[in-house]
>>> print(open('run-v8.txt').read())   # compact mmCIF, C-alpha atoms
# COMPACT_ATOMS: atom_id res chain seq x y z
CA MET T 300 0.00 0.00 0.00
CA ASN T 301 1.48 3.38 -1.04
CA LYS T 302 1.25 6.50 1.13
CA GLU T 303 -1.80 7.82 -0.72
CA SER T 304 -3.77 4.59 -0.26
CA HIS T 305 -2.64 4.35 3.36
CA PHE T 306 -3.87 7.88 4.11
CA ILE T 307 -7.23 7.35 2.37
CA SER T 308 -7.76 4.07 4.23
CA HIS T 309 -8.24 6.06 7.46
CA PHE T 310 -11.48 7.53 6.06
CA ASN T 311 -12.97 4.30 4.75
CA ASN T 312 -16.73 4.57 4.12
CA LYS T 313 -19.30 3.71 1.45
CA TYR T 314 -18.83 7.02 -0.38
CA ILE T 315 -15.09 6.69 -1.06
CA GLY T 316 -13.70 4.67 -3.97
CA ASP T 317 -14.95 6.31 -7.17
CA ASP T 318 -14.10 9.47 -9.10
CA GLY T 319 -16.63 11.24 -6.86
CA ALA T 320 -18.95 10.59 -3.91
CA VAL T 321 -22.56 9.78 -4.82
CA ILE T 322 -25.09 11.01 -2.24
CA ASP T 323 -28.84 11.26 -2.91
CA GLY T 324 -28.53 11.80 -6.66
CA TYR T 325 -25.63 14.24 -6.39
CA VAL T 326 -21.95 13.63 -7.14
CA TYR T 327 -19.31 15.55 -5.20
CA SER T 328 -15.78 15.55 -6.61
CA LYS T 329 -12.59 17.50 -5.93
CA ASP T 330 -9.09 17.60 -7.40
CA ALA T 331 -5.99 19.71 -6.82
CA PHE T 332 -3.96 21.46 -9.54
CA PHE T 333 -0.73 22.74 -8.02
CA GLN T 334 2.19 24.64 -9.50
CA ASN T 335 5.41 22.59 -9.70
CA VAL T 336 3.40 19.42 -9.04
CA HIS T 337 0.93 19.35 -11.95
CA PHE T 338 2.37 22.16 -14.07
CA LYS T 339 5.13 24.74 -14.33
CA LYS T 340 4.18 28.37 -14.83
CA LYS T 341 6.40 28.72 -17.93
CA TRP T 342 4.39 25.99 -19.68
CA LEU T 343 0.95 27.61 -19.54
CA THR T 344 -0.70 31.03 -19.53
CA TYR T 345 -2.87 31.95 -16.55
CA LYS T 346 -5.97 31.38 -18.67
CA GLN T 347 -4.75 27.93 -19.74
CA ILE T 348 -3.99 27.02 -16.11
CA ALA T 349 -7.52 27.91 -15.00
CA ARG T 350 -9.08 26.09 -17.96
CA LYS T 351 -7.15 22.92 -17.27
CA ALA T 352 -7.87 23.06 -13.53
CA MET T 353 -11.59 23.20 -14.32
CA LEU T 354 -11.49 20.51 -17.01
CA VAL T 355 -9.51 18.10 -14.80
CA ASN T 356 -12.25 18.41 -12.18
CA LEU T 357 -15.14 18.20 -14.63
CA SER T 358 -13.64 14.98 -15.97
CA ASP T 359 -14.46 13.16 -12.72
CA ALA T 360 -18.10 14.24 -12.86
CA ILE T 361 -18.54 13.34 -16.52
CA ALA T 362 -16.80 9.99 -15.96
CA MET T 363 -19.54 9.14 -13.47
CA ASN T 364 -22.34 9.97 -15.93
CA ALA T 365 -23.18 13.10 -13.95
CA VAL T 366 -24.15 16.57 -15.18
CA PRO T 367 -21.95 19.24 -13.54
CA LYS T 368 -24.01 22.05 -11.99
CA TYR T 369 -21.91 24.03 -9.52
CA ALA T 370 -18.25 24.72 -8.74
CA LEU T 371 -16.39 25.98 -5.67
CA LEU T 372 -12.90 27.39 -6.24
CA SER T 373 -9.98 27.55 -3.84
CA VAL T 374 -7.13 29.59 -5.31
CA ALA T 375 -3.83 30.27 -3.54
CA MET T 376 -2.16 33.01 -5.58
CA PRO T 377 1.38 34.39 -5.37
CA SER T 378 1.45 37.90 -3.94
CA THR T 379 3.33 39.00 -7.06
CA ILE T 380 0.42 38.24 -9.40
CA SER T 381 -0.81 41.34 -11.25
CA LYS T 382 -4.44 42.40 -11.62
CA GLN T 383 -4.24 41.58 -15.33
CA GLU T 384 -2.92 38.07 -14.60
CA SER T 385 -5.64 37.46 -12.00
CA THR T 386 -8.21 38.60 -14.58
CA GLU T 387 -6.82 36.09 -17.08
CA LEU T 388 -7.09 33.39 -14.43
CA ALA T 389 -10.72 34.28 -13.74
CA GLU T 390 -11.48 34.32 -17.47
CA GLY T 391 -10.19 30.76 -17.80
CA PHE T 392 -12.47 29.50 -15.02
CA LEU T 393 -15.48 31.38 -16.40
CA GLU T 394 -14.86 30.22 -19.98
CA VAL T 395 -14.98 26.52 -19.10
CA ALA T 396 -17.89 27.06 -16.70
CA LYS T 397 -19.88 28.61 -19.54
CA GLU T 398 -18.99 25.77 -21.94
CA TYR T 399 -20.33 23.17 -19.48
CA ASP T 400 -23.20 25.26 -18.07
CA VAL T 401 -21.64 25.28 -14.58
CA GLU T 402 -22.20 28.07 -12.06
CA ILE T 403 -19.26 29.11 -9.87
CA ILE T 404 -20.94 29.69 -6.50
CA GLY T 405 -18.02 30.53 -4.19
CA GLY T 406 -14.79 29.32 -2.65
CA ASP T 407 -11.72 30.91 -1.08
CA THR T 408 -8.63 32.88 -2.11
CA ILE T 409 -5.39 33.25 -0.17
CA SER T 410 -1.89 34.59 -0.74
CA ASN T 411 0.78 32.00 -1.38
CA THR T 412 4.33 31.58 -2.72
CA LYS T 413 2.99 29.85 -5.85
CA LEU T 414 -0.27 29.17 -7.72
CA ASP T 415 -2.24 26.28 -6.20
CA ILE T 416 -5.84 25.51 -7.21
CA THR T 417 -8.48 23.12 -5.93
CA VAL T 418 -11.97 22.85 -7.38
CA THR T 419 -15.07 21.17 -5.97
CA ILE T 420 -17.69 20.12 -8.53
CA ILE T 421 -21.28 19.36 -7.56
CA SER T 422 -23.15 17.33 -10.17
CA LYS T 423 -26.47 15.56 -10.63
CA THR T 424 -26.99 12.01 -11.87
CA LYS T 425 -29.85 9.56 -12.23
CA LYS T 426 -27.60 6.60 -13.00
CA PRO T 427 -24.02 6.97 -11.74
CA LEU T 428 -21.27 5.08 -13.56
CA LEU T 429 -19.17 3.43 -10.86
CA ARG T 430 -15.94 1.47 -10.80
CA LEU T 431 -17.75 -1.44 -9.18
CA GLY T 432 -19.63 -3.67 -11.62
CA VAL T 433 -17.01 -5.53 -13.67
CA ARG T 434 -17.74 -9.25 -14.09
CA LYS T 435 -15.77 -12.08 -15.63
CA GLY T 436 -16.03 -11.91 -19.44
CA TYR T 437 -16.86 -8.21 -19.68
CA LEU T 438 -14.93 -6.37 -22.38
CA LEU T 439 -12.61 -3.48 -21.56
CA ALA T 440 -12.03 -0.46 -23.77
CA TYR T 441 -10.59 3.03 -23.73
CA THR T 442 -11.55 6.10 -25.72
CA GLY T 443 -9.27 8.22 -27.87
CA GLU T 444 -5.54 7.72 -28.18
CA LEU T 445 -3.27 7.09 -25.20
CA GLY T 446 0.35 8.10 -24.72
CA LYS T 447 0.34 11.65 -26.07
CA SER T 448 0.25 13.35 -22.68
CA ALA T 449 3.47 11.67 -21.53
CA LYS T 450 5.21 12.53 -24.82
CA GLU T 451 4.18 16.17 -24.57
CA LEU T 452 5.25 16.36 -20.92
CA LYS T 453 8.67 14.96 -21.84
CA LYS T 454 8.97 17.59 -24.58
CA LEU T 455 8.19 20.36 -22.06
CA PHE T 456 10.79 19.04 -19.62
CA ASN T 457 13.33 19.10 -22.48
CA LEU T 458 12.51 22.81 -23.01
CA GLY T 459 10.51 22.11 -26.16
CA GLU T 460 7.19 23.68 -27.13
CA ILE T 461 3.82 22.06 -27.66
CA HIS T 462 0.75 23.24 -29.58
CA LYS T 463 -1.91 25.16 -27.66
CA GLN T 464 -4.44 22.49 -28.69
CA SER T 465 -2.19 19.77 -27.28
CA LYS T 466 -3.89 17.24 -24.98
CA PHE T 467 -1.61 18.37 -22.16
CA ILE T 468 -3.02 21.90 -22.44
CA ASP T 469 -6.56 21.54 -23.76
CA ILE T 470 -8.35 18.41 -22.53
CA LYS T 471 -11.21 16.98 -24.61
CA LEU T 472 -13.73 15.38 -22.29
CA ARG T 473 -15.92 12.51 -23.56
CA ARG T 474 -19.24 13.97 -22.40
CA ASN T 475 -21.29 12.93 -25.47
CA PHE T 476 -19.83 9.42 -25.50
CA ILE T 477 -20.83 8.81 -21.87
CA LYS T 478 -24.25 10.33 -22.42
CA ASN T 479 -24.92 8.09 -25.45
CA THR T 480 -23.53 4.83 -24.03
CA SER T 481 -24.25 5.00 -20.28
CA ARG T 482 -27.13 2.50 -20.43
CA TYR T 483 -24.74 -0.16 -21.80
CA LEU T 484 -21.72 0.54 -19.59
CA LYS T 485 -21.26 -1.68 -16.54
CA ALA T 486 -18.35 0.25 -15.00
CA GLY T 487 -16.05 3.11 -15.87
CA MET T 488 -13.63 5.83 -14.79
CA ASP T 489 -11.46 8.48 -16.35
CA ILE T 490 -7.82 7.70 -17.12
CA SER T 491 -5.89 10.17 -14.99
CA ASP T 492 -3.03 8.09 -13.55
CA GLY T 493 -2.37 5.95 -16.64
CA LEU T 494 -4.21 2.95 -18.10
CA PHE T 495 -2.36 0.30 -16.06
CA SER T 496 -2.67 2.25 -12.79
CA ASP T 497 -6.38 2.84 -13.32
CA LEU T 498 -6.92 -0.79 -14.32
CA ASP T 499 -5.34 -1.66 -10.98
CA LYS T 500 -8.09 0.37 -9.26
CA LEU T 501 -10.76 -1.53 -11.22
CA ALA T 502 -9.10 -4.84 -10.38
CA LYS T 503 -9.08 -4.08 -6.64
CA ALA T 504 -12.63 -2.69 -6.61
CA ASN T 505 -14.01 -5.80 -8.32
CA ALA T 506 -11.57 -8.47 -7.07
CA ILE T 507 -10.87 -9.39 -10.67
CA GLY T 508 -8.06 -9.50 -13.23
CA PHE T 509 -7.71 -8.92 -16.96
CA THR T 510 -6.54 -10.67 -20.11
CA PHE T 511 -5.23 -8.43 -22.89
CA THR T 512 -6.22 -9.06 -26.51
CA LYS T 513 -4.27 -6.04 -27.76
CA LYS T 514 -0.62 -5.35 -26.98
CA ILE T 515 -0.12 -1.99 -25.27
CA ASP T 516 3.45 -0.85 -24.63
CA LYS T 517 4.37 0.28 -21.13
CA LYS T 518 5.08 3.92 -22.08
CA THR T 519 1.58 4.27 -23.53
CA ALA T 520 -0.14 2.44 -20.68
CA CYS T 521 1.70 4.46 -18.00
CA SER T 522 0.94 7.86 -19.55
CA GLY T 523 -0.99 9.84 -16.96
CA GLU T 524 -3.36 12.80 -17.35
CA GLU T 525 -4.95 11.42 -20.50
CA TYR T 526 -8.52 12.06 -19.28
CA GLU T 527 -9.92 9.50 -21.68
CA MET T 528 -12.50 6.96 -20.50
CA LEU T 529 -11.82 3.42 -19.33
CA VAL T 530 -15.03 1.38 -19.59
CA ALA T 531 -16.31 -2.17 -19.13
CA PHE T 532 -19.34 -3.66 -20.88
CA ASP T 533 -21.01 -6.94 -21.85
CA LYS T 534 -19.60 -8.52 -25.01
CA ARG T 535 -23.14 -8.72 -26.38
CA ASP T 536 -23.14 -4.90 -26.60
CA ARG T 537 -19.89 -4.69 -28.54
CA LYS T 538 -21.44 -3.63 -31.87
CA THR T 539 -23.75 -1.16 -30.14
CA LEU T 540 -20.82 0.50 -28.33
CA TYR T 541 -18.87 0.85 -31.58
CA ARG T 542 -21.91 2.33 -33.31
CA LEU T 543 -22.64 4.83 -30.56
CA ALA T 544 -18.97 5.79 -30.32
CA LYS T 545 -19.06 6.73 -34.00
CA VAL T 546 -22.09 8.94 -33.39
CA SER T 547 -20.05 11.08 -30.98
CA ARG T 548 -16.91 10.71 -33.16
CA THR T 549 -15.12 8.95 -30.32
CA PRO T 550 -12.35 6.47 -31.15
CA LEU T 551 -12.93 3.31 -29.10
CA THR T 552 -10.31 0.60 -28.58
CA ILE T 553 -11.26 -2.76 -27.06
CA PHE T 554 -8.07 -4.16 -25.55
CA GLY T 555 -9.09 -7.02 -23.27
CA TYR T 556 -11.62 -8.68 -21.01
CA ALA T 557 -12.11 -9.40 -17.33
CA THR T 558 -10.85 -12.74 -15.96
CA ARG T 559 -9.91 -14.28 -12.63
CA LYS T 560 -6.26 -13.86 -13.59
CA LYS T 561 -4.32 -11.58 -11.20
CA PHE T 562 -3.50 -8.16 -12.63
CA THR T 563 -0.12 -6.57 -11.93
CA ASN T 564 0.37 -2.84 -12.47
CA ARG T 565 3.74 -2.28 -14.15
CA CYS T 566 3.71 1.52 -13.83
CA LYS T 567 5.62 3.57 -11.31
CA ALA T 568 3.29 5.22 -8.78
CA HIS T 569 2.39 8.84 -9.65
CA HIS T 570 1.60 9.66 -6.02
CA PHE T 571 4.36 9.71 -3.35
>>> encode(input="run-v8.txt", output="structure tokens")
Amino acid sequence: MNKESHFISHFNNKYIGDDGAVIDGYVYSKDAFFQNVHFKKKWLTYKQIARKAMLVNLSDAIAMNAVPKYALLSVAMPSTISKQESTELAEGFLEVAKEYDVEIIGGDTISNTKLDITVTIISKTKKPLLRLGVRKGYLLAYTGELGKSAKELKKLFNLGEIHKQSKFIDIKLRRNFIKNTSRYLKAGMDISDGLFSDLDKLAKANAIGFTFTKKIDKKTACSGEEYEMLVAFDKRDRKTLYRLAKVSRTPLTIFGYATRKKFTNRCKAHHF
């Protein structure tokens, strides 16, 4: 058990274990986006930082088949930030909020030595998509293309530049895909820590393993911050999933199925 899992284990209850906590038809989710942990200031503009902080948090809600409604912001800003820069930061939050019809209803701001952001998203759902629900024989698939985020991060560390529409900067959430396919999905989550690491969470939640039908190299499978969807579904719905994925123009790759075989995560832990 790593330090993150050890810490979380102290708060064990029925609400913990998914991308958000489901309580009476609402989903509550929260993620941090900290300077020098999740990004470096020289990589992104203030507007891009705020946009990504919002999108990272909205990803959890959408992954659970929930409709985001409200957001609470906690922003620790360096005392050296100018009024123009703080305006750009606010514009980034407001821009994404408008795109997803989310109302920012409050939060907190403090002075800090660097820019640290946490966002709480409150969403509504009639049928939450949970991690629990994978059975032996269910197919496993991911949306989009994996591996780009790690490549772009490496380029940034090597002082290179990436396009402003790069996945590392501008996340594309799979809202329409989840909306169209939710009735057929048995379990799901967003891919934030890397495919293998997130499969490990599914394996532990369901006491199950996986057999791969498609070879996925370690670099691709360990690429974090992809914010694609990892889903499980009955093999009888395979054609339907492919058809509905095309409707939302979502690439869908089936790479394996659930078995009793033990799954071993070959990625280095992203946390601690």
>>> residues_around(input="run-v8.txt", residues="Glu398 (chain T)", least_positions_apart="5", cutoff="12 Å", atoms="only C-alpha atoms", output="count of residues only")
11
>>> atom_distance(input="run-v8.txt", atom1="CA of Asp499 (chain T)", atom2="CA of Ser308 (chain T)")
16.4 Å
>>> atom_distance(input="run-v8.txt", atom1="CA of Lys346 (chain T)", atom2="CA of Thr412 (chain T)")
19.0 Å
>>> closest_residue(input="run-v8.txt", among="T:Tyr526, T:Phe467, T:Phe532, T:Phe332", to="Arg430 (chain T)", atoms="all atoms listed in the file")
T:Phe532
>>> atom_distance(input="run-v8.txt", atom1="CA of Gly459 (chain T)", atom2="CA of Thr519 (chain T)")
20.1 Å
>>> closest_atom_pairs(input="run-v8.txt", of="region 309-402 of chain T", to="region 482-497 of chain T", cutoff="8 Å", atoms="only C-alpha atoms", output="tab-separated table")
residue	atom	partner	partner_atom	distance
T:Asp317	CA	T:Met488	CA	7.7
T:Asp318	CA	T:Met488	CA	6.8
T:Ser358	CA	T:Asp489	CA	6.9
T:Asp359	CA	T:Asp489	CA	6.6
T:Ala362	CA	T:Met488	CA	5.4
T:Met363	CA	T:Met488	CA	6.9
>>> residues_around(input="run-v8.txt", residues="Lys514 (chain T)", least_positions_apart="6", cutoff="12 Å", atoms="only C-alpha atoms", output="list in words")
Ala520, Thr552, Ile553, Phe554 and Gly555 of chain T
>>> closest_atom_pairs(input="run-v8.txt", of="region 405-516 of chain T", to="region 372-379 of chain T", cutoff="12 Å", atoms="only C-alpha atoms", output="tab-separated table")
residue	atom	partner	partner_atom	distance
T:Gly405	CA	T:Leu372	CA	6.3
T:Gly406	CA	T:Leu372	CA	4.5
T:Asp407	CA	T:Ser373	CA	4.7
T:Thr408	CA	T:Val374	CA	4.8
T:Ile409	CA	T:Ala375	CA	4.8
T:Ser410	CA	T:Met376	CA	5.1
T:Asn411	CA	T:Pro377	CA	4.7
T:Thr412	CA	T:Pro377	CA	4.9
T:Lys413	CA	T:Pro377	CA	4.8
T:Leu414	CA	T:Met376	CA	4.8
T:Asp415	CA	T:Ala375	CA	5.1
T:Ile416	CA	T:Val374	CA	4.7
T:Thr417	CA	T:Ser373	CA	5.1
T:Val418	CA	T:Leu372	CA	4.8
T:Thr419	CA	T:Leu372	CA	6.6
T:Ile420	CA	T:Leu372	CA	9.0
T:Ile421	CA	T:Leu372	CA	11.7
